[in-house]
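Pasting model-v3.cif here (mmCIF, N, CA and C atoms):
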```cif
data_entry
#
loop_
_atom_site.label_atom_id
_atom_site.label_comp_id
_atom_site.auth_asym_id
_atom_site.auth_seq_id
_atom_site.Cartn_x
_atom_site.Cartn_y
_atom_site.Cartn_z
N MET K 1 18.66 -5.40 -10.02
CA MET K 1 18.54 -4.05 -10.55
C MET K 1 18.55 -3.07 -9.39
N ALA K 2 19.49 -2.21 -9.33
CA ALA K 2 19.56 -1.20 -8.27
C ALA K 2 18.95 0.10 -8.77
N VAL K 3 18.28 0.80 -7.86
CA VAL K 3 17.67 2.08 -8.18
C VAL K 3 18.31 3.13 -7.31
N ARG K 4 18.68 4.25 -7.87
CA ARG K 4 19.28 5.33 -7.11
C ARG K 4 18.19 6.22 -6.53
N ARG K 5 18.29 6.49 -5.25
CA ARG K 5 17.39 7.44 -4.59
C ARG K 5 18.13 8.75 -4.54
N SER K 6 17.71 9.71 -5.33
CA SER K 6 18.48 10.92 -5.55
C SER K 6 18.79 11.69 -4.28
N ALA K 7 17.85 11.87 -3.40
CA ALA K 7 18.08 12.70 -2.21
C ALA K 7 19.11 12.07 -1.28
N GLN K 8 18.99 10.80 -1.02
CA GLN K 8 19.89 10.14 -0.08
C GLN K 8 21.03 9.41 -0.76
N GLN K 9 20.99 9.29 -2.08
CA GLN K 9 21.97 8.53 -2.83
C GLN K 9 22.07 7.09 -2.32
N ALA K 10 20.98 6.55 -1.83
CA ALA K 10 20.95 5.17 -1.36
C ALA K 10 20.47 4.28 -2.50
N THR K 11 20.81 3.02 -2.43
CA THR K 11 20.35 2.08 -3.44
C THR K 11 19.63 0.92 -2.78
N PHE K 12 18.82 0.26 -3.53
CA PHE K 12 18.20 -0.98 -3.08
C PHE K 12 17.94 -1.81 -4.32
N SER K 13 17.82 -3.09 -4.14
CA SER K 13 17.47 -3.94 -5.28
C SER K 13 16.09 -4.51 -5.05
N SER K 14 15.40 -4.78 -6.14
CA SER K 14 14.04 -5.29 -6.04
C SER K 14 14.00 -6.61 -5.28
N SER K 15 15.02 -7.43 -5.44
CA SER K 15 15.00 -8.73 -4.77
C SER K 15 15.14 -8.58 -3.25
N GLU K 16 15.77 -7.51 -2.78
CA GLU K 16 15.91 -7.29 -1.35
C GLU K 16 14.66 -6.66 -0.75
N THR K 17 13.86 -6.02 -1.56
CA THR K 17 12.76 -5.21 -1.06
C THR K 17 11.40 -5.85 -1.26
N LEU K 18 11.22 -6.59 -2.31
CA LEU K 18 9.91 -7.10 -2.67
C LEU K 18 9.78 -8.60 -2.42
N ARG K 19 8.58 -8.99 -2.01
CA ARG K 19 8.27 -10.42 -1.97
C ARG K 19 7.90 -10.85 -3.39
N PRO K 20 7.95 -12.12 -3.67
CA PRO K 20 7.59 -12.58 -5.03
C PRO K 20 6.12 -12.34 -5.37
N GLU K 21 5.25 -12.35 -4.36
CA GLU K 21 3.82 -12.19 -4.63
C GLU K 21 3.13 -11.54 -3.45
N TYR K 22 2.12 -10.74 -3.77
CA TYR K 22 1.31 -10.06 -2.76
C TYR K 22 -0.15 -10.39 -2.98
N GLY K 23 -0.89 -10.53 -1.89
CA GLY K 23 -2.31 -10.78 -1.95
C GLY K 23 -3.11 -9.49 -1.82
N LEU K 24 -4.39 -9.65 -1.64
CA LEU K 24 -5.29 -8.53 -1.38
C LEU K 24 -5.40 -8.36 0.13
N TRP K 25 -5.58 -7.14 0.59
CA TRP K 25 -5.72 -6.90 2.03
C TRP K 25 -7.20 -6.69 2.32
N ILE K 26 -7.82 -7.72 2.91
CA ILE K 26 -9.25 -7.69 3.22
C ILE K 26 -9.45 -8.22 4.63
N ASP K 27 -10.20 -7.51 5.41
CA ASP K 27 -10.55 -7.91 6.78
C ASP K 27 -9.31 -8.11 7.65
N GLY K 28 -8.34 -7.21 7.49
CA GLY K 28 -7.17 -7.24 8.35
C GLY K 28 -6.15 -8.31 8.04
N ARG K 29 -6.24 -8.91 6.87
CA ARG K 29 -5.26 -9.94 6.52
C ARG K 29 -5.09 -10.01 5.00
N GLU K 30 -3.97 -10.56 4.62
CA GLU K 30 -3.68 -10.74 3.20
C GLU K 30 -4.33 -12.02 2.71
N VAL K 31 -5.09 -11.91 1.63
CA VAL K 31 -5.83 -13.06 1.10
C VAL K 31 -5.61 -13.16 -0.41
N PRO K 32 -5.77 -14.36 -0.97
CA PRO K 32 -5.69 -14.49 -2.42
C PRO K 32 -6.97 -13.98 -3.07
N ALA K 33 -6.87 -13.61 -4.33
CA ALA K 33 -8.05 -13.21 -5.09
C ALA K 33 -8.98 -14.42 -5.25
N ALA K 34 -10.27 -14.16 -5.26
CA ALA K 34 -11.25 -15.24 -5.35
C ALA K 34 -11.03 -16.11 -6.58
N GLN K 35 -10.70 -15.49 -7.71
CA GLN K 35 -10.51 -16.26 -8.94
C GLN K 35 -9.05 -16.67 -9.15
N GLY K 36 -8.17 -16.25 -8.25
CA GLY K 36 -6.78 -16.67 -8.31
C GLY K 36 -5.92 -16.03 -9.39
N HIS K 37 -6.42 -14.99 -10.03
CA HIS K 37 -5.64 -14.33 -11.08
C HIS K 37 -4.59 -13.41 -10.46
N THR K 38 -3.44 -13.33 -11.13
CA THR K 38 -2.38 -12.43 -10.67
C THR K 38 -1.94 -11.52 -11.82
N LEU K 39 -1.32 -10.42 -11.44
CA LEU K 39 -0.73 -9.49 -12.40
C LEU K 39 0.77 -9.43 -12.13
N SER K 40 1.57 -9.47 -13.17
CA SER K 40 3.01 -9.33 -13.03
C SER K 40 3.35 -7.84 -12.95
N ILE K 41 4.28 -7.51 -12.05
CA ILE K 41 4.77 -6.15 -11.94
C ILE K 41 6.17 -6.14 -12.54
N GLU K 42 6.37 -5.31 -13.56
CA GLU K 42 7.65 -5.29 -14.26
C GLU K 42 8.36 -3.96 -14.08
N ASN K 43 9.68 -4.02 -14.05
CA ASN K 43 10.51 -2.82 -14.11
C ASN K 43 10.53 -2.40 -15.57
N PRO K 44 9.99 -1.21 -15.90
CA PRO K 44 9.92 -0.83 -17.31
C PRO K 44 11.29 -0.58 -17.95
N ALA K 45 12.30 -0.33 -17.13
CA ALA K 45 13.64 -0.08 -17.68
C ALA K 45 14.31 -1.37 -18.15
N THR K 46 13.95 -2.49 -17.50
CA THR K 46 14.63 -3.75 -17.82
C THR K 46 13.71 -4.85 -18.32
N GLY K 47 12.40 -4.68 -18.08
CA GLY K 47 11.46 -5.74 -18.42
C GLY K 47 11.43 -6.85 -17.39
N GLU K 48 12.26 -6.75 -16.35
CA GLU K 48 12.33 -7.77 -15.30
C GLU K 48 11.03 -7.79 -14.49
N VAL K 49 10.47 -8.99 -14.28
CA VAL K 49 9.33 -9.13 -13.39
C VAL K 49 9.86 -9.02 -11.97
N ILE K 50 9.40 -8.00 -11.24
CA ILE K 50 9.92 -7.76 -9.90
C ILE K 50 9.01 -8.29 -8.81
N SER K 51 7.77 -8.58 -9.15
CA SER K 51 6.83 -9.16 -8.19
C SER K 51 5.53 -9.47 -8.94
N SER K 52 4.57 -10.01 -8.21
CA SER K 52 3.22 -10.16 -8.77
C SER K 52 2.22 -9.87 -7.66
N VAL K 53 1.04 -9.47 -8.09
CA VAL K 53 -0.03 -9.15 -7.14
C VAL K 53 -1.30 -9.88 -7.53
N GLN K 54 -2.07 -10.22 -6.54
CA GLN K 54 -3.37 -10.83 -6.82
C GLN K 54 -4.25 -9.80 -7.52
N GLU K 55 -4.97 -10.23 -8.52
CA GLU K 55 -5.84 -9.34 -9.28
C GLU K 55 -7.25 -9.36 -8.68
N GLY K 56 -7.57 -8.30 -7.97
CA GLY K 56 -8.90 -8.20 -7.38
C GLY K 56 -9.93 -7.90 -8.45
N ARG K 57 -11.01 -8.63 -8.42
CA ARG K 57 -12.11 -8.42 -9.37
C ARG K 57 -13.38 -8.12 -8.60
N GLU K 58 -14.48 -8.08 -9.28
CA GLU K 58 -15.76 -7.66 -8.69
C GLU K 58 -16.07 -8.44 -7.41
N GLU K 59 -15.87 -9.73 -7.42
CA GLU K 59 -16.14 -10.56 -6.24
C GLU K 59 -15.30 -10.13 -5.03
N ASP K 60 -14.04 -9.81 -5.28
CA ASP K 60 -13.13 -9.39 -4.21
C ASP K 60 -13.53 -8.01 -3.67
N VAL K 61 -13.90 -7.12 -4.58
CA VAL K 61 -14.34 -5.79 -4.16
C VAL K 61 -15.61 -5.91 -3.32
N GLY K 62 -16.52 -6.76 -3.75
CA GLY K 62 -17.75 -6.98 -2.99
C GLY K 62 -17.47 -7.50 -1.59
N LEU K 63 -16.53 -8.43 -1.49
CA LEU K 63 -16.16 -8.96 -0.17
C LEU K 63 -15.58 -7.86 0.71
N ALA K 64 -14.69 -7.06 0.16
CA ALA K 64 -14.08 -5.97 0.94
C ALA K 64 -15.13 -4.98 1.41
N ILE K 65 -16.08 -4.64 0.55
CA ILE K 65 -17.15 -3.72 0.93
C ILE K 65 -18.02 -4.33 2.01
N ASN K 66 -18.37 -5.60 1.86
CA ASN K 66 -19.20 -6.27 2.87
C ASN K 66 -18.51 -6.33 4.23
N VAL K 67 -17.24 -6.65 4.24
CA VAL K 67 -16.48 -6.74 5.50
C VAL K 67 -16.41 -5.36 6.16
N ALA K 68 -16.14 -4.33 5.37
CA ALA K 68 -16.07 -2.97 5.92
C ALA K 68 -17.43 -2.53 6.45
N SER K 69 -18.49 -2.83 5.72
CA SER K 69 -19.84 -2.48 6.17
C SER K 69 -20.19 -3.20 7.46
N GLU K 70 -19.80 -4.46 7.54
CA GLU K 70 -20.06 -5.25 8.75
C GLU K 70 -19.34 -4.65 9.95
N ALA K 71 -18.09 -4.24 9.76
CA ALA K 71 -17.31 -3.63 10.85
C ALA K 71 -17.96 -2.33 11.32
N PHE K 72 -18.57 -1.62 10.40
CA PHE K 72 -19.27 -0.39 10.78
C PHE K 72 -20.58 -0.72 11.49
N GLU K 73 -21.36 -1.63 10.90
CA GLU K 73 -22.68 -1.95 11.43
C GLU K 73 -22.62 -2.64 12.80
N ASP K 74 -21.64 -3.50 13.01
CA ASP K 74 -21.60 -4.22 14.29
C ASP K 74 -20.94 -3.40 15.41
N GLY K 75 -20.49 -2.19 15.07
CA GLY K 75 -19.97 -1.29 16.09
C GLY K 75 -18.48 -1.34 16.33
N ARG K 76 -17.77 -2.27 15.66
CA ARG K 76 -16.31 -2.30 15.86
C ARG K 76 -15.68 -0.96 15.54
N TRP K 77 -16.19 -0.27 14.53
CA TRP K 77 -15.66 1.04 14.18
C TRP K 77 -16.61 2.14 14.62
N SER K 78 -17.87 2.04 14.25
CA SER K 78 -18.82 3.12 14.54
C SER K 78 -19.09 3.27 16.03
N GLY K 79 -18.96 2.20 16.80
CA GLY K 79 -19.20 2.27 18.22
C GLY K 79 -17.98 2.68 19.04
N MET K 80 -16.85 2.79 18.37
CA MET K 80 -15.61 3.16 19.03
C MET K 80 -15.65 4.66 19.39
N GLN K 81 -15.06 5.01 20.50
CA GLN K 81 -14.98 6.41 20.89
C GLN K 81 -14.22 7.20 19.82
N PRO K 82 -14.68 8.41 19.50
CA PRO K 82 -14.00 9.22 18.48
C PRO K 82 -12.50 9.39 18.77
N ARG K 83 -12.15 9.55 20.02
CA ARG K 83 -10.74 9.71 20.38
C ARG K 83 -9.94 8.46 19.98
N ASP K 84 -10.53 7.28 20.18
CA ASP K 84 -9.85 6.04 19.82
C ASP K 84 -9.72 5.88 18.31
N ARG K 85 -10.78 6.27 17.59
CA ARG K 85 -10.68 6.24 16.12
C ARG K 85 -9.60 7.20 15.64
N GLY K 86 -9.54 8.37 16.27
CA GLY K 86 -8.51 9.35 15.93
C GLY K 86 -7.12 8.81 16.16
N ARG K 87 -6.93 8.10 17.24
CA ARG K 87 -5.61 7.51 17.52
C ARG K 87 -5.21 6.51 16.44
N ILE K 88 -6.17 5.71 16.01
CA ILE K 88 -5.89 4.73 14.96
C ILE K 88 -5.51 5.45 13.66
N LEU K 89 -6.27 6.46 13.30
CA LEU K 89 -5.98 7.20 12.06
C LEU K 89 -4.65 7.95 12.16
N ASN K 90 -4.35 8.52 13.31
CA ASN K 90 -3.06 9.19 13.48
C ASN K 90 -1.90 8.21 13.39
N ARG K 91 -2.08 7.02 13.95
CA ARG K 91 -1.05 5.98 13.85
C ARG K 91 -0.85 5.55 12.39
N ALA K 92 -1.96 5.42 11.67
CA ALA K 92 -1.87 5.08 10.24
C ALA K 92 -1.10 6.17 9.50
N ALA K 93 -1.37 7.43 9.81
CA ALA K 93 -0.65 8.54 9.17
C ALA K 93 0.84 8.47 9.49
N ALA K 94 1.19 8.17 10.73
CA ALA K 94 2.60 8.09 11.13
C ALA K 94 3.31 6.95 10.39
N ILE K 95 2.64 5.81 10.27
CA ILE K 95 3.23 4.67 9.56
C ILE K 95 3.44 5.02 8.09
N LEU K 96 2.43 5.62 7.48
CA LEU K 96 2.56 6.02 6.08
C LEU K 96 3.71 7.01 5.90
N ARG K 97 3.79 8.01 6.77
CA ARG K 97 4.84 9.02 6.67
C ARG K 97 6.23 8.37 6.78
N GLU K 98 6.36 7.43 7.68
CA GLU K 98 7.63 6.73 7.88
C GLU K 98 8.03 5.93 6.64
N ARG K 99 7.05 5.42 5.92
CA ARG K 99 7.32 4.54 4.78
C ARG K 99 7.35 5.24 3.43
N ILE K 100 7.17 6.55 3.41
CA ILE K 100 7.14 7.28 2.14
C ILE K 100 8.39 7.03 1.30
N PRO K 101 9.61 7.12 1.85
CA PRO K 101 10.78 6.90 0.99
C PRO K 101 10.77 5.52 0.33
N ARG K 102 10.39 4.50 1.08
CA ARG K 102 10.35 3.14 0.52
C ARG K 102 9.24 3.01 -0.52
N MET K 103 8.05 3.54 -0.21
CA MET K 103 6.95 3.46 -1.16
C MET K 103 7.28 4.21 -2.45
N ALA K 104 7.90 5.38 -2.32
CA ALA K 104 8.28 6.16 -3.51
C ALA K 104 9.29 5.40 -4.35
N ALA K 105 10.27 4.79 -3.70
CA ALA K 105 11.29 4.03 -4.44
C ALA K 105 10.66 2.84 -5.15
N LEU K 106 9.74 2.16 -4.50
CA LEU K 106 9.09 1.01 -5.13
C LEU K 106 8.23 1.45 -6.31
N GLU K 107 7.50 2.54 -6.16
CA GLU K 107 6.68 3.04 -7.27
C GLU K 107 7.56 3.46 -8.44
N ALA K 108 8.67 4.12 -8.14
CA ALA K 108 9.59 4.52 -9.21
C ALA K 108 10.15 3.29 -9.92
N LEU K 109 10.45 2.26 -9.17
CA LEU K 109 10.98 1.02 -9.73
C LEU K 109 9.99 0.37 -10.70
N GLN K 110 8.72 0.39 -10.34
CA GLN K 110 7.74 -0.31 -11.18
C GLN K 110 7.13 0.56 -12.27
N THR K 111 7.34 1.86 -12.22
CA THR K 111 6.75 2.72 -13.24
C THR K 111 7.77 3.49 -14.06
N GLY K 112 8.97 3.66 -13.51
CA GLY K 112 9.98 4.45 -14.20
C GLY K 112 9.80 5.95 -14.01
N ARG K 113 8.83 6.33 -13.22
CA ARG K 113 8.56 7.75 -12.97
C ARG K 113 9.60 8.31 -12.01
N CYS K 114 9.80 9.60 -12.04
CA CYS K 114 10.81 10.27 -11.23
C CYS K 114 10.55 10.10 -9.73
N LEU K 115 11.58 9.71 -9.01
CA LEU K 115 11.49 9.50 -7.56
C LEU K 115 11.08 10.78 -6.84
N ARG K 116 11.62 11.90 -7.23
CA ARG K 116 11.28 13.18 -6.59
C ARG K 116 9.77 13.45 -6.66
N GLU K 117 9.16 13.15 -7.79
CA GLU K 117 7.72 13.35 -7.95
C GLU K 117 6.93 12.46 -7.00
N TYR K 118 7.33 11.20 -6.89
CA TYR K 118 6.63 10.30 -5.98
C TYR K 118 6.77 10.74 -4.53
N ASN K 119 7.97 11.14 -4.13
CA ASN K 119 8.15 11.62 -2.75
C ASN K 119 7.22 12.79 -2.45
N ALA K 120 7.14 13.74 -3.38
CA ALA K 120 6.26 14.90 -3.18
C ALA K 120 4.79 14.49 -3.16
N GLN K 121 4.41 13.62 -4.06
CA GLN K 121 3.01 13.20 -4.15
C GLN K 121 2.60 12.39 -2.92
N LEU K 122 3.42 11.45 -2.52
CA LEU K 122 3.08 10.60 -1.38
C LEU K 122 3.13 11.35 -0.05
N ALA K 123 3.89 12.42 0.01
CA ALA K 123 4.02 13.18 1.26
C ALA K 123 2.69 13.77 1.71
N ARG K 124 1.75 13.95 0.81
CA ARG K 124 0.45 14.54 1.17
C ARG K 124 -0.53 13.51 1.75
N ILE K 125 -0.32 12.24 1.48
CA ILE K 125 -1.29 11.21 1.89
C ILE K 125 -1.50 11.14 3.40
N PRO K 126 -0.45 11.16 4.23
CA PRO K 126 -0.69 11.08 5.67
C PRO K 126 -1.60 12.18 6.21
N ASP K 127 -1.59 13.33 5.57
CA ASP K 127 -2.45 14.45 6.01
C ASP K 127 -3.93 14.07 5.93
N TRP K 128 -4.29 13.19 5.02
CA TRP K 128 -5.68 12.80 4.88
C TRP K 128 -6.18 12.00 6.08
N TYR K 129 -5.27 11.40 6.82
CA TYR K 129 -5.64 10.59 7.98
C TYR K 129 -5.60 11.35 9.29
N GLU K 130 -4.99 12.52 9.27
CA GLU K 130 -4.86 13.27 10.53
C GLU K 130 -6.00 14.25 10.72
#
```
Can the structure from this file be put into structure tokens for me?
Amino acid sequence: MAVRRSAQQATFSSSETLRPEYGLWIDGREVPAAQGHTLSIENPATGEVISSVQEGREEDVGLAINVASEAFEDGRWSGMQPRDRGRILNRAAAILRERIPRMAALEALQTGRCLREYNAQLARIPDWYE
């Protein structure tokens, strides 16, 4: 299934862009959900399953919160110089900004929502990190 990107008139197919399955991102790595449940992601225009994601539940959320709290409490983040934290956040903003066209196209593929709307909406996210 090819999707047209209106501004650039570029196309991509879900099979070229997406992995078959994605995990949860906890403690700097991709991990499976504790209970192993997954959700299918479908293209609403075709009904085609384009990928699946691990379904995070209460146990997974608790683990993510604990890991983040630990990183703060042990000083990995809170003990870092503000300038260094700023560099990390600015780099995150730059990466997000660079990936907006791809993220917008993927969201449009899985929701059927207008690509232009996603590009505009996602364009504001990097500002939150700067």
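Once the PyMOL selection byres ((chain K and resi 50) around 7) is applied to the depicted file, the selected set reads Ser14, Ser15, Leu18, Arg19, Pro20, Ser40, Ile41, Glu42, Asn43, Gly47, Glu48, Val49, Ser51 and Ser52 of chain K.
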Inset, instruction - Could you tell me which residues the PyMOL selection byres ((chain K and resi 121-123) around 8) returns for this structure, as an MDAnalysis selection string? - result: chainID K and resid 96:97 100:101 103:104 115:120 124:128
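Minimum atom-to-atom distances from K:Gly75, K:Arg102, K:Arg113, K:Glu21 to Val53 (chain K) were compared using only N, CA and C atoms, and the lowest value belongs to K:Glu21.
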Inset, instruction - Select from region 23-121 of chain K everything DSSP, run on the backbone, classes as helix (DSSP H, G or I), then give the selection as JSON, numbers by chain. - result: {"K": [58, 59, 60, 61, 62, 63, 64, 65, 66, 67, 68, 69, 70, 71, 72, 73, 82, 83, 84, 85, 86, 87, 88, 89, 90, 91, 92, 93, 94, 95, 96, 97, 98, 99, 100, 101, 102, 103, 104, 105, 106, 107, 108, 109, 110, 111, 115, 116, 117, 118, 119, 120, 121]}
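Computed from the coordinates, the CA of Ile65 (chain K) to atom C of Glu30 (chain K) distance equals 15.4 Å.
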Inset, instruction - Could you tell me how far atom N of Trp77 (chain K) lies from CA of Leu89 (chain K), in Å and to one decimal? - result: 12.9 Å
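Between Glu130 (chain K) and the residues K:Asn90, K:Thr38, K:Thr46, K:Gln110, the shortest atom-to-atom distance, using only N, CA and C atoms, involves K:Asn90.
Between atom C of Gly112 (chain K) and atom N of Glu55 (chain K) there is a distance of 22.6 Å.
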Legend entry - Those of chain K in DSSP strand (DSSP E or B), formatted as an NGL selection string: :K and (2-5 or 10-13 or 21-22 or 24-26 or 29-31 or 38-42 or 49-54)
Could you write those residues out with N, CA and C atoms, as a tab-separated table (two decimals), in the coordinates of the input?
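Once everything was written out, this is out.tsv:
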```
chain	number	residue	atom	x	y	z
K	2	ALA	N	19.49	-2.21	-9.33
K	2	ALA	CA	19.56	-1.20	-8.27
K	2	ALA	C	18.95	0.10	-8.77
K	3	VAL	N	18.28	0.80	-7.86
K	3	VAL	CA	17.67	2.08	-8.18
K	3	VAL	C	18.31	3.13	-7.31
K	4	ARG	N	18.68	4.25	-7.87
K	4	ARG	CA	19.28	5.33	-7.11
K	4	ARG	C	18.19	6.22	-6.53
K	5	ARG	N	18.29	6.49	-5.25
K	5	ARG	CA	17.39	7.44	-4.59
K	5	ARG	C	18.13	8.75	-4.54
K	10	ALA	N	20.98	6.55	-1.83
K	10	ALA	CA	20.95	5.17	-1.36
K	10	ALA	C	20.47	4.28	-2.50
K	11	THR	N	20.81	3.02	-2.43
K	11	THR	CA	20.35	2.08	-3.44
K	11	THR	C	19.63	0.92	-2.78
K	12	PHE	N	18.82	0.26	-3.53
K	12	PHE	CA	18.20	-0.98	-3.08
K	12	PHE	C	17.94	-1.81	-4.32
K	13	SER	N	17.82	-3.09	-4.14
K	13	SER	CA	17.47	-3.94	-5.28
K	13	SER	C	16.09	-4.51	-5.05
K	21	GLU	N	5.25	-12.35	-4.36
K	21	GLU	CA	3.82	-12.19	-4.63
K	21	GLU	C	3.13	-11.54	-3.45
K	22	TYR	N	2.12	-10.74	-3.77
K	22	TYR	CA	1.31	-10.06	-2.76
K	22	TYR	C	-0.15	-10.39	-2.98
K	24	LEU	N	-4.39	-9.65	-1.64
K	24	LEU	CA	-5.29	-8.53	-1.38
K	24	LEU	C	-5.40	-8.36	0.13
K	25	TRP	N	-5.58	-7.14	0.59
K	25	TRP	CA	-5.72	-6.90	2.03
K	25	TRP	C	-7.20	-6.69	2.32
K	26	ILE	N	-7.82	-7.72	2.91
K	26	ILE	CA	-9.25	-7.69	3.22
K	26	ILE	C	-9.45	-8.22	4.63
K	29	ARG	N	-6.24	-8.91	6.87
K	29	ARG	CA	-5.26	-9.94	6.52
K	29	ARG	C	-5.09	-10.01	5.00
K	30	GLU	N	-3.97	-10.56	4.62
K	30	GLU	CA	-3.68	-10.74	3.20
K	30	GLU	C	-4.33	-12.02	2.71
K	31	VAL	N	-5.09	-11.91	1.63
K	31	VAL	CA	-5.83	-13.06	1.10
K	31	VAL	C	-5.61	-13.16	-0.41
K	38	THR	N	-3.44	-13.33	-11.13
K	38	THR	CA	-2.38	-12.43	-10.67
K	38	THR	C	-1.94	-11.52	-11.82
K	39	LEU	N	-1.32	-10.42	-11.44
K	39	LEU	CA	-0.73	-9.49	-12.40
K	39	LEU	C	0.77	-9.43	-12.13
K	40	SER	N	1.57	-9.47	-13.17
K	40	SER	CA	3.01	-9.33	-13.03
K	40	SER	C	3.35	-7.84	-12.95
K	41	ILE	N	4.28	-7.51	-12.05
K	41	ILE	CA	4.77	-6.15	-11.94
K	41	ILE	C	6.17	-6.14	-12.54
K	42	GLU	N	6.37	-5.31	-13.56
K	42	GLU	CA	7.65	-5.29	-14.26
K	42	GLU	C	8.36	-3.96	-14.08
K	49	VAL	N	10.47	-8.99	-14.28
K	49	VAL	CA	9.33	-9.13	-13.39
K	49	VAL	C	9.86	-9.02	-11.97
K	50	ILE	N	9.40	-8.00	-11.24
K	50	ILE	CA	9.92	-7.76	-9.90
K	50	ILE	C	9.01	-8.29	-8.81
K	51	SER	N	7.77	-8.58	-9.15
K	51	SER	CA	6.83	-9.16	-8.19
K	51	SER	C	5.53	-9.47	-8.94
K	52	SER	N	4.57	-10.01	-8.21
K	52	SER	CA	3.22	-10.16	-8.77
K	52	SER	C	2.22	-9.87	-7.66
K	53	VAL	N	1.04	-9.47	-8.09
K	53	VAL	CA	-0.03	-9.15	-7.14
K	53	VAL	C	-1.30	-9.88	-7.53
K	54	GLN	N	-2.07	-10.22	-6.54
K	54	GLN	CA	-3.37	-10.83	-6.82
K	54	GLN	C	-4.25	-9.80	-7.52
```
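When all atoms listed in the file are used to compute distances to Ile26 (chain K), the closest of the residues K:Val67, K:Ala45, K:Leu109, K:Leu39 turns out to be K:Val67.
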Inset, instruction - On this file, the PyMOL selection byres ((chain K and resi 27) around 8) gives some set of residues; write that set as a VMD selection string. - result: chain K and resid 24 to 26 28 to 31 63 to 64 67 to 68
